[in-house]
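One structure is given below, encoded as structure tokens.
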Amino acid sequence: MIPADNLQSALKKIPWFNSLTTEHFQKTAELTHLRHAKAGETFFREGDKQDYVYIVLEGRVSLDIFVPHHGKVRFYTAEPYDVFGWSSVTPGIRQRTAGAVAVLECTVACLDAEKLRQLAENDHDFGYLLMRRLANVVASRLMVTRLQLIDMFAGPTETMND
């Protein structure tokens, strides 16, 4: 486990933090804290108020949604350096659209979403970099979801006999 007093060195391990200027890195570190969670511990539930964006540093976190007649369904497992809770930085969405639970004991960086939005609004260079990074996260999640849907709804293949 990463010690909570070692925030800056933990953040420097996150690849996209390396491309931040010293000033942007420092400002981001000021709105971030580390959280340790045991396996089974809940970060948030679907419908909760959005307050943080999370980055997994160690361990795994499952993301799930409630599907009528099926219950909770896991749709993604966040691994080290994956971002989850990203929608809290986007305009308009103010409640969680999924739940997040630690699969393994883990350490995550928790970035205050409101302060991060404000930093992006006040410093457009930082805002552009942040939104570009989040757009990559969203695009990769959409691709994973698309592949899962294709797998779920694809019928059995028919073979032609000559």
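A note on labels: chains of the structure tokens are A, B, ... as shown, every chain counts residues from 1, and ligands are counted from 1 in their shown order.
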Requested in this report: List every residue of stretch 1-160 of chain A that DSSP, applied to the backbone of this structure, assigns to helix (DSSP H, G or I), and report them as a PyMOL selection string.
Outcome: chain A and resi 4-12+15-19+22-30+86-89+113-122+124-153
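The residue set within 8 Å of A:Arg45, counting only C-alpha atoms and dropping same-chain residues fewer than 6 places from it, reads Arg96, Ala98, Gly99 and Ala100 of chain A.
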Report task. Identify all residues of stretch 22-120 of chain A in strand (DSSP E) (DSSP on the backbone) and supply them as a PyMOL selection string. Result -> chain A and resi 32-37+42-44+52-58+61-67+71-78+83-84+99-102+106-112
Closest atom pairs, stretch 60-84 of chain A residues within 12 Å of stretch 6-28 of chain A, only C-alpha atoms, as a Markdown table:
```
| residue | atom | partner | partner_atom | distance |
| --- | --- | --- | --- | --- |
| A:Pro80 | CA | A:Ile14 | CA | 8.9 |
| A:Tyr81 | CA | A:Ile14 | CA | 6.0 |
| A:Asp82 | CA | A:Ile14 | CA | 9.3 |
| A:Val83 | CA | A:Ile14 | CA | 10.4 |
```
Would you write out those residues with C-alpha atoms, as a compact mmCIF listing (two decimals), in the first residue's frame?
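Done, and the output landed in result-v6.txt:
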```txt
# COMPACT_ATOMS: atom_id res chain seq x y z
CA PRO A 80 -3.95 0.43 -12.12
CA TYR A 81 -3.91 3.88 -13.79
CA ASP A 82 -7.52 3.52 -15.00
CA VAL A 83 -9.82 6.46 -14.32
```
Query raised in the report: Which residues, written as a list in words, have at least one atom at most 10 Å from A:Ile55, with only C-alpha atoms counted and residues fewer than 3 positions away on the same chain left out?
Result: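 Returned residues: Leu11, Ile14, Leu34, Tyr52, Glu58, Val61, Ala78, Glu79, Pro80, Tyr81, Asp82, Val83, Phe84, Gly85, Trp86, Thr107, Val108, Ala109, Cys110 and Leu111 of chain A.
Atom to atom, atom CA of A:Tyr128 and atom CA of A:Asp51 stand 20.8 Å apart.
Relative to atom CA of A:Val101, atom CA of A:Leu63 is found at 6.7 Å.
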